[in-house]
$ cat protein_26.cif   # mmCIF, N, CA, C and O atoms
data_model
loop_
_atom_site.label_atom_id
_atom_site.label_comp_id
_atom_site.auth_asym_id
_atom_site.auth_seq_id
_atom_site.Cartn_x
_atom_site.Cartn_y
_atom_site.Cartn_z
N MET A 10 1.34 40.77 -18.39
CA MET A 10 0.73 39.59 -18.95
C MET A 10 1.43 38.32 -18.48
O MET A 10 0.80 37.31 -18.31
N GLN A 11 2.74 38.42 -18.28
CA GLN A 11 3.48 37.26 -17.80
C GLN A 11 3.06 36.88 -16.39
O GLN A 11 3.00 35.71 -16.05
N GLU A 12 2.75 37.86 -15.57
CA GLU A 12 2.32 37.59 -14.21
C GLU A 12 1.02 36.81 -14.21
O GLU A 12 0.83 35.90 -13.42
N GLU A 13 0.11 37.18 -15.11
CA GLU A 13 -1.17 36.48 -15.21
C GLU A 13 -0.96 35.02 -15.59
O GLU A 13 -1.59 34.13 -15.02
N GLU A 14 -0.11 34.78 -16.56
CA GLU A 14 0.18 33.41 -17.00
C GLU A 14 0.82 32.60 -15.88
O GLU A 14 0.49 31.42 -15.70
N GLN A 15 1.71 33.24 -15.12
CA GLN A 15 2.35 32.53 -14.02
C GLN A 15 1.33 32.20 -12.93
O GLN A 15 1.36 31.12 -12.34
N GLU A 16 0.41 33.13 -12.68
CA GLU A 16 -0.63 32.88 -11.68
C GLU A 16 -1.53 31.72 -12.13
O GLU A 16 -1.90 30.86 -11.34
N GLN A 17 -1.88 31.71 -13.41
CA GLN A 17 -2.72 30.63 -13.95
C GLN A 17 -1.99 29.30 -13.88
O GLN A 17 -2.57 28.28 -13.53
N ALA A 18 -0.70 29.32 -14.21
CA ALA A 18 0.09 28.09 -14.15
C ALA A 18 0.20 27.61 -12.70
O ALA A 18 0.11 26.41 -12.43
N GLY A 19 0.38 28.55 -11.77
CA GLY A 19 0.45 28.19 -10.35
C GLY A 19 -0.87 27.63 -9.85
O GLY A 19 -0.90 26.67 -9.08
N ALA A 20 -1.97 28.21 -10.30
CA ALA A 20 -3.29 27.72 -9.91
C ALA A 20 -3.54 26.33 -10.48
O ALA A 20 -4.07 25.45 -9.80
N ALA A 21 -3.14 26.13 -11.73
CA ALA A 21 -3.31 24.81 -12.36
C ALA A 21 -2.46 23.76 -11.64
O ALA A 21 -2.91 22.64 -11.42
N ALA A 22 -1.25 24.15 -11.26
CA ALA A 22 -0.38 23.21 -10.54
C ALA A 22 -0.98 22.87 -9.19
O ALA A 22 -0.95 21.71 -8.75
N ALA A 23 -1.57 23.84 -8.51
CA ALA A 23 -2.20 23.58 -7.21
C ALA A 23 -3.40 22.64 -7.37
O ALA A 23 -3.61 21.74 -6.55
N GLU A 24 -4.18 22.84 -8.42
CA GLU A 24 -5.32 21.95 -8.68
C GLU A 24 -4.86 20.53 -8.96
O GLU A 24 -5.45 19.56 -8.48
N ARG A 25 -3.79 20.39 -9.76
CA ARG A 25 -3.25 19.05 -10.05
C ARG A 25 -2.77 18.37 -8.77
O ARG A 25 -3.03 17.20 -8.55
N ARG A 26 -2.07 19.12 -7.93
CA ARG A 26 -1.57 18.55 -6.67
C ARG A 26 -2.73 18.12 -5.78
O ARG A 26 -2.67 17.09 -5.13
N ALA A 27 -3.80 18.91 -5.74
CA ALA A 27 -4.95 18.57 -4.92
C ALA A 27 -5.63 17.31 -5.42
O ALA A 27 -6.09 16.47 -4.65
N ARG A 28 -5.66 17.15 -6.73
CA ARG A 28 -6.36 15.99 -7.30
C ARG A 28 -5.48 14.75 -7.35
O ARG A 28 -5.92 13.65 -7.05
N PHE A 29 -4.23 14.89 -7.75
CA PHE A 29 -3.35 13.75 -7.98
C PHE A 29 -2.16 13.70 -7.02
O PHE A 29 -1.25 12.90 -7.19
N GLY A 30 -2.16 14.52 -5.99
CA GLY A 30 -1.00 14.63 -5.11
C GLY A 30 -0.75 13.41 -4.24
O GLY A 30 0.36 13.18 -3.81
N ALA A 31 -1.77 12.61 -3.96
CA ALA A 31 -1.59 11.45 -3.09
C ALA A 31 -2.04 10.18 -3.82
O ALA A 31 -2.96 10.21 -4.63
N LEU A 32 -1.37 9.10 -3.51
CA LEU A 32 -1.76 7.82 -4.09
C LEU A 32 -3.02 7.30 -3.42
O LEU A 32 -3.28 7.60 -2.25
N PRO A 33 -3.81 6.51 -4.12
CA PRO A 33 -5.00 5.93 -3.48
C PRO A 33 -4.58 4.93 -2.39
O PRO A 33 -3.44 4.47 -2.36
N GLU A 34 -5.52 4.60 -1.55
CA GLU A 34 -5.24 3.64 -0.48
C GLU A 34 -4.89 2.29 -1.09
O GLU A 34 -5.42 1.91 -2.13
N ARG A 35 -4.04 1.56 -0.41
CA ARG A 35 -3.59 0.26 -0.88
C ARG A 35 -4.72 -0.77 -0.73
O ARG A 35 -5.43 -0.78 0.27
N VAL A 36 -4.88 -1.65 -1.71
CA VAL A 36 -5.90 -2.69 -1.67
C VAL A 36 -5.23 -4.00 -1.26
O VAL A 36 -4.22 -4.40 -1.84
N ARG A 37 -5.79 -4.64 -0.25
CA ARG A 37 -5.22 -5.91 0.21
C ARG A 37 -5.51 -7.00 -0.82
O ARG A 37 -6.53 -6.99 -1.49
N ILE A 38 -4.60 -7.96 -0.93
CA ILE A 38 -4.78 -9.05 -1.88
C ILE A 38 -6.03 -9.86 -1.55
O ILE A 38 -6.73 -10.32 -2.44
N GLU A 39 -6.33 -10.02 -0.27
CA GLU A 39 -7.51 -10.79 0.14
C GLU A 39 -8.80 -10.15 -0.39
O GLU A 39 -9.80 -10.83 -0.60
N ASP A 40 -8.77 -8.85 -0.59
CA ASP A 40 -9.96 -8.15 -1.07
C ASP A 40 -10.12 -8.20 -2.58
O ASP A 40 -11.13 -7.77 -3.12
N THR A 41 -9.13 -8.72 -3.30
CA THR A 41 -9.20 -8.73 -4.76
C THR A 41 -9.62 -10.08 -5.32
O THR A 41 -9.89 -10.18 -6.51
N VAL A 42 -9.68 -11.13 -4.50
CA VAL A 42 -9.96 -12.47 -4.99
C VAL A 42 -11.20 -13.01 -4.30
O VAL A 42 -11.34 -12.90 -3.09
N GLU A 43 -12.09 -13.58 -5.07
CA GLU A 43 -13.27 -14.23 -4.51
C GLU A 43 -13.25 -15.68 -4.96
O GLU A 43 -13.19 -15.96 -6.16
N GLU A 44 -13.30 -16.59 -4.01
CA GLU A 44 -13.28 -18.01 -4.34
C GLU A 44 -14.65 -18.60 -4.10
O GLU A 44 -15.22 -18.45 -3.03
N ARG A 45 -15.16 -19.26 -5.13
CA ARG A 45 -16.42 -19.99 -5.01
C ARG A 45 -16.45 -21.03 -6.12
O ARG A 45 -15.81 -20.86 -7.17
N PRO A 46 -17.19 -22.10 -5.94
CA PRO A 46 -17.25 -23.13 -6.98
C PRO A 46 -17.88 -22.59 -8.26
O PRO A 46 -18.77 -21.74 -8.22
N ALA A 47 -17.40 -23.08 -9.39
CA ALA A 47 -17.92 -22.60 -10.68
C ALA A 47 -19.36 -23.05 -10.88
O ALA A 47 -20.17 -22.32 -11.42
N ALA A 48 -19.68 -24.25 -10.48
CA ALA A 48 -21.05 -24.76 -10.60
C ALA A 48 -21.29 -25.72 -9.44
O ALA A 48 -20.37 -26.38 -8.97
N PRO A 49 -22.52 -25.79 -8.98
CA PRO A 49 -22.80 -26.74 -7.90
C PRO A 49 -22.55 -28.17 -8.37
O PRO A 49 -22.74 -28.50 -9.55
N ARG A 50 -22.10 -29.00 -7.48
CA ARG A 50 -21.79 -30.39 -7.82
C ARG A 50 -23.07 -31.17 -8.06
O ARG A 50 -24.01 -31.09 -7.29
N ASP A 51 -23.10 -31.95 -9.14
CA ASP A 51 -24.27 -32.75 -9.50
C ASP A 51 -23.93 -34.23 -9.28
O ASP A 51 -23.15 -34.81 -10.05
N PRO A 52 -24.51 -34.87 -8.26
CA PRO A 52 -24.17 -36.27 -8.00
C PRO A 52 -24.60 -37.20 -9.14
O PRO A 52 -23.96 -38.22 -9.39
N ALA A 53 -25.64 -36.85 -9.85
CA ALA A 53 -26.09 -37.71 -10.95
C ALA A 53 -25.07 -37.72 -12.09
O ALA A 53 -24.95 -38.71 -12.81
N ARG A 54 -24.35 -36.67 -12.25
CA ARG A 54 -23.37 -36.59 -13.32
C ARG A 54 -22.18 -37.51 -13.05
O ARG A 54 -21.56 -38.02 -13.98
N ASP A 55 -21.85 -37.69 -11.78
CA ASP A 55 -20.72 -38.52 -11.42
C ASP A 55 -21.08 -40.01 -11.35
O ASP A 55 -20.19 -40.84 -11.20
N ALA A 56 -22.35 -40.34 -11.41
CA ALA A 56 -22.78 -41.74 -11.32
C ALA A 56 -22.47 -42.46 -12.64
O ALA A 56 -22.74 -41.96 -13.73
N TYR A 57 -21.90 -43.64 -12.54
CA TYR A 57 -21.56 -44.42 -13.73
C TYR A 57 -22.68 -45.42 -13.99
O TYR A 57 -23.08 -46.17 -13.11
N ASP A 58 -23.18 -45.43 -15.20
CA ASP A 58 -24.21 -46.38 -15.60
C ASP A 58 -23.68 -47.17 -16.79
O ASP A 58 -23.54 -46.63 -17.89
N PRO A 59 -23.37 -48.47 -16.59
CA PRO A 59 -22.78 -49.25 -17.69
C PRO A 59 -23.71 -49.37 -18.90
O PRO A 59 -23.25 -49.39 -20.04
N ASN A 60 -25.01 -49.41 -18.69
CA ASN A 60 -25.94 -49.52 -19.82
C ASN A 60 -25.90 -48.26 -20.69
O ASN A 60 -25.95 -48.33 -21.91
N GLU A 61 -25.81 -47.12 -20.05
CA GLU A 61 -25.73 -45.88 -20.81
C GLU A 61 -24.42 -45.83 -21.60
O GLU A 61 -24.40 -45.38 -22.74
N PHE A 62 -23.35 -46.32 -21.02
CA PHE A 62 -22.07 -46.36 -21.71
C PHE A 62 -22.18 -47.20 -22.99
O PHE A 62 -21.73 -46.81 -24.06
N VAL A 63 -22.81 -48.37 -22.87
CA VAL A 63 -22.96 -49.25 -24.02
C VAL A 63 -23.83 -48.59 -25.10
O VAL A 63 -23.50 -48.65 -26.28
N VAL A 64 -24.91 -47.96 -24.69
CA VAL A 64 -25.79 -47.32 -25.66
C VAL A 64 -25.08 -46.16 -26.36
O VAL A 64 -25.19 -45.99 -27.56
N ARG A 65 -24.33 -45.37 -25.62
CA ARG A 65 -23.69 -44.21 -26.22
C ARG A 65 -22.51 -44.57 -27.11
O ARG A 65 -22.33 -44.00 -28.16
N TYR A 66 -21.67 -45.51 -26.65
CA TYR A 66 -20.42 -45.74 -27.35
C TYR A 66 -20.30 -47.11 -28.02
O TYR A 66 -19.44 -47.32 -28.86
N GLY A 67 -21.17 -48.03 -27.66
CA GLY A 67 -21.03 -49.39 -28.20
C GLY A 67 -21.91 -49.67 -29.40
O GLY A 67 -21.58 -50.56 -30.21
N LEU A 68 -22.99 -49.00 -29.54
CA LEU A 68 -23.90 -49.30 -30.66
C LEU A 68 -23.59 -48.49 -31.88
O LEU A 68 -23.19 -47.45 -31.96
#
$ encode --input "protein_26.cif" --output "structure tokens"
Amino acid sequence: MQEEEQEQAGAAAAERRARFGALPERVRIEDTVEERPAAPRDPARDAYDPNEFVVRYGL
């Protein structure tokens, strides 16, 4: 019975080595980061209108 258990343990160890025996391939840092603007730039948002300023904050 001990021989059977040793064979099973040896088989389990071989399966573990086959599955987890090697580390996965290394991932380059360039492949982990994606750069893009959060939102497209809106030129109307950057335009200053003094009348709108007065209406919003002065009245």
$ atom_distance --input "protein_26.cif" --atom1 "atom CA of Glu13 of chain A" --atom2 "atom CA of Gly30 of chain A"
24.1 Å
$ atom_distance --input "protein_26.cif" --atom1 "atom CA of Phe29 of chain A" --atom2 "atom C of Gln17 of chain A"
16.7 Å
$ atom_distance --input "protein_26.cif" --atom1 "atom CA of Asp58 of chain A" --atom2 "atom O of Arg45 of chain A"
28.2 Å
$ select_by_dssp --input "protein_26.cif" --residues "chain A" --states "helix (DSSP H, G or I)" --output "PyMOL selection string"
chain A and resi 11-29+38-40+52-55+59-67
$ axis_aligned_box --input "protein_26.cif" --around "segment 56-65 of chain A" --padding-each-side "6 Å" --output "lines of an AutoDock Vina configuration file"
center_x = -23.8
center_y = -44.9
center_z = -19.7
size_x = 16.4
size_y = 21.2
size_z = 28.8
$ decode --input "protein_26.cif" --residues "segment 18-29 of chain A" --atoms "all heavy atoms" --output "PDB file, in the first residue's frame"
ATOM      1  N   ALA A  18       1.926   9.994  -5.134  1.00  0.00           N
ATOM      2  CA  ALA A  18       2.602  11.235  -4.763  1.00  0.00           C
ATOM      3  C   ALA A  18       3.583  11.646  -5.854  1.00  0.00           C
ATOM      4  O   ALA A  18       3.699  12.830  -6.187  1.00  0.00           O
ATOM      5  CB  ALA A  18       3.324  11.056  -3.433  1.00  0.00           C
ATOM      6  N   GLY A  19       4.283  10.665  -6.431  1.00  0.00           N
ATOM      7  CA  GLY A  19       5.217  10.955  -7.521  1.00  0.00           C
ATOM      8  C   GLY A  19       4.493  11.463  -8.756  1.00  0.00           C
ATOM      9  O   GLY A  19       4.951  12.383  -9.430  1.00  0.00           O
ATOM     10  N   ALA A  20       3.340  10.885  -9.045  1.00  0.00           N
ATOM     11  CA  ALA A  20       2.546  11.328 -10.197  1.00  0.00           C
ATOM     12  C   ALA A  20       2.013  12.742  -9.968  1.00  0.00           C
ATOM     13  O   ALA A  20       2.029  13.576 -10.877  1.00  0.00           O
ATOM     14  CB  ALA A  20       1.399  10.356 -10.449  1.00  0.00           C
ATOM     15  N   ALA A  21       1.572  13.005  -8.750  1.00  0.00           N
ATOM     16  CA  ALA A  21       1.068  14.349  -8.427  1.00  0.00           C
ATOM     17  C   ALA A  21       2.187  15.380  -8.526  1.00  0.00           C
ATOM     18  O   ALA A  21       1.983  16.486  -9.028  1.00  0.00           O
ATOM     19  CB  ALA A  21       0.451  14.353  -7.035  1.00  0.00           C
ATOM     20  N   ALA A  22       3.370  15.006  -8.063  1.00  0.00           N
ATOM     21  CA  ALA A  22       4.514  15.920  -8.142  1.00  0.00           C
ATOM     22  C   ALA A  22       4.874  16.186  -9.595  1.00  0.00           C
ATOM     23  O   ALA A  22       5.188  17.322  -9.976  1.00  0.00           O
ATOM     24  CB  ALA A  22       5.698  15.344  -7.389  1.00  0.00           C
ATOM     25  N   ALA A  23       4.817  15.168 -10.442  1.00  0.00           N
ATOM     26  CA  ALA A  23       5.118  15.354 -11.868  1.00  0.00           C
ATOM     27  C   ALA A  23       4.087  16.271 -12.521  1.00  0.00           C
ATOM     28  O   ALA A  23       4.435  17.132 -13.339  1.00  0.00           O
ATOM     29  CB  ALA A  23       5.163  13.997 -12.562  1.00  0.00           C
ATOM     30  N   GLU A  24       2.820  16.109 -12.165  1.00  0.00           N
ATOM     31  CA  GLU A  24       1.773  16.988 -12.708  1.00  0.00           C
ATOM     32  C   GLU A  24       1.985  18.432 -12.274  1.00  0.00           C
ATOM     33  O   GLU A  24       1.829  19.363 -13.064  1.00  0.00           O
ATOM     34  CB  GLU A  24       0.397  16.506 -12.243  1.00  0.00           C
ATOM     35  CG  GLU A  24      -0.068  15.246 -12.928  1.00  0.00           C
ATOM     36  CD  GLU A  24      -1.434  14.812 -12.439  1.00  0.00           C
ATOM     37  OE1 GLU A  24      -2.268  15.678 -12.090  1.00  0.00           O
ATOM     38  OE2 GLU A  24      -1.665  13.588 -12.396  1.00  0.00           O
ATOM     39  N   ARG A  25       2.339  18.633 -10.999  1.00  0.00           N
ATOM     40  CA  ARG A  25       2.608  19.990 -10.505  1.00  0.00           C
ATOM     41  C   ARG A  25       3.775  20.617 -11.252  1.00  0.00           C
ATOM     42  O   ARG A  25       3.727  21.777 -11.643  1.00  0.00           O
ATOM     43  CB  ARG A  25       2.898  19.970  -9.010  1.00  0.00           C
ATOM     44  CG  ARG A  25       1.677  19.956  -8.140  1.00  0.00           C
ATOM     45  CD  ARG A  25       2.012  20.280  -6.696  1.00  0.00           C
ATOM     46  NE  ARG A  25       3.027  19.394  -6.129  1.00  0.00           N
ATOM     47  CZ  ARG A  25       2.788  18.195  -5.607  1.00  0.00           C
ATOM     48  NH1 ARG A  25       1.555  17.730  -5.581  1.00  0.00           N
ATOM     49  NH2 ARG A  25       3.761  17.469  -5.106  1.00  0.00           N
ATOM     50  N   ARG A  26       4.844  19.847 -11.445  1.00  0.00           N
ATOM     51  CA  ARG A  26       6.017  20.365 -12.164  1.00  0.00           C
ATOM     52  C   ARG A  26       5.656  20.724 -13.596  1.00  0.00           C
ATOM     53  O   ARG A  26       6.114  21.724 -14.127  1.00  0.00           O
ATOM     54  CB  ARG A  26       7.149  19.343 -12.134  1.00  0.00           C
ATOM     55  CG  ARG A  26       8.213  19.700 -11.137  1.00  0.00           C
ATOM     56  CD  ARG A  26       9.402  18.756 -11.200  1.00  0.00           C
ATOM     57  NE  ARG A  26       9.267  17.746 -10.143  1.00  0.00           N
ATOM     58  CZ  ARG A  26       9.025  16.463 -10.325  1.00  0.00           C
ATOM     59  NH1 ARG A  26       8.913  15.970 -11.525  1.00  0.00           N
ATOM     60  NH2 ARG A  26       8.884  15.654  -9.305  1.00  0.00           N
ATOM     61  N   ALA A  27       4.825  19.912 -14.237  1.00  0.00           N
ATOM     62  CA  ALA A  27       4.425  20.183 -15.619  1.00  0.00           C
ATOM     63  C   ALA A  27       3.594  21.459 -15.699  1.00  0.00           C
ATOM     64  O   ALA A  27       3.721  22.244 -16.638  1.00  0.00           O
ATOM     65  CB  ALA A  27       3.637  19.003 -16.178  1.00  0.00           C
ATOM     66  N   ARG A  28       2.769  21.680 -14.698  1.00  0.00           N
ATOM     67  CA  ARG A  28       1.886  22.846 -14.732  1.00  0.00           C
ATOM     68  C   ARG A  28       2.568  24.106 -14.218  1.00  0.00           C
ATOM     69  O   ARG A  28       2.418  25.188 -14.785  1.00  0.00           O
ATOM     70  CB  ARG A  28       0.643  22.563 -13.892  1.00  0.00           C
ATOM     71  CG  ARG A  28      -0.360  23.670 -13.944  1.00  0.00           C
ATOM     72  CD  ARG A  28      -1.652  23.295 -13.284  1.00  0.00           C
ATOM     73  NE  ARG A  28      -2.572  24.419 -13.355  1.00  0.00           N
ATOM     74  CZ  ARG A  28      -3.703  24.492 -12.720  1.00  0.00           C
ATOM     75  NH1 ARG A  28      -4.088  23.488 -11.968  1.00  0.00           N
ATOM     76  NH2 ARG A  28      -4.473  25.550 -12.814  1.00  0.00           N
ATOM     77  N   PHE A  29       3.304  24.013 -13.128  1.00  0.00           N
ATOM     78  CA  PHE A  29       3.873  25.183 -12.465  1.00  0.00           C
ATOM     79  C   PHE A  29       5.400  25.213 -12.501  1.00  0.00           C
ATOM     80  O   PHE A  29       6.020  26.035 -11.842  1.00  0.00           O
ATOM     81  CB  PHE A  29       3.432  25.229 -10.989  1.00  0.00           C
ATOM     82  CG  PHE A  29       1.953  25.250 -10.812  1.00  0.00           C
ATOM     83  CD1 PHE A  29       1.291  24.159 -10.279  1.00  0.00           C
ATOM     84  CD2 PHE A  29       1.210  26.353 -11.178  1.00  0.00           C
ATOM     85  CE1 PHE A  29      -0.080  24.175 -10.093  1.00  0.00           C
ATOM     86  CE2 PHE A  29      -0.157  26.378 -11.004  1.00  0.00           C
ATOM     87  CZ  PHE A  29      -0.815  25.280 -10.467  1.00  0.00           C
TER      88      PHE A  29
END
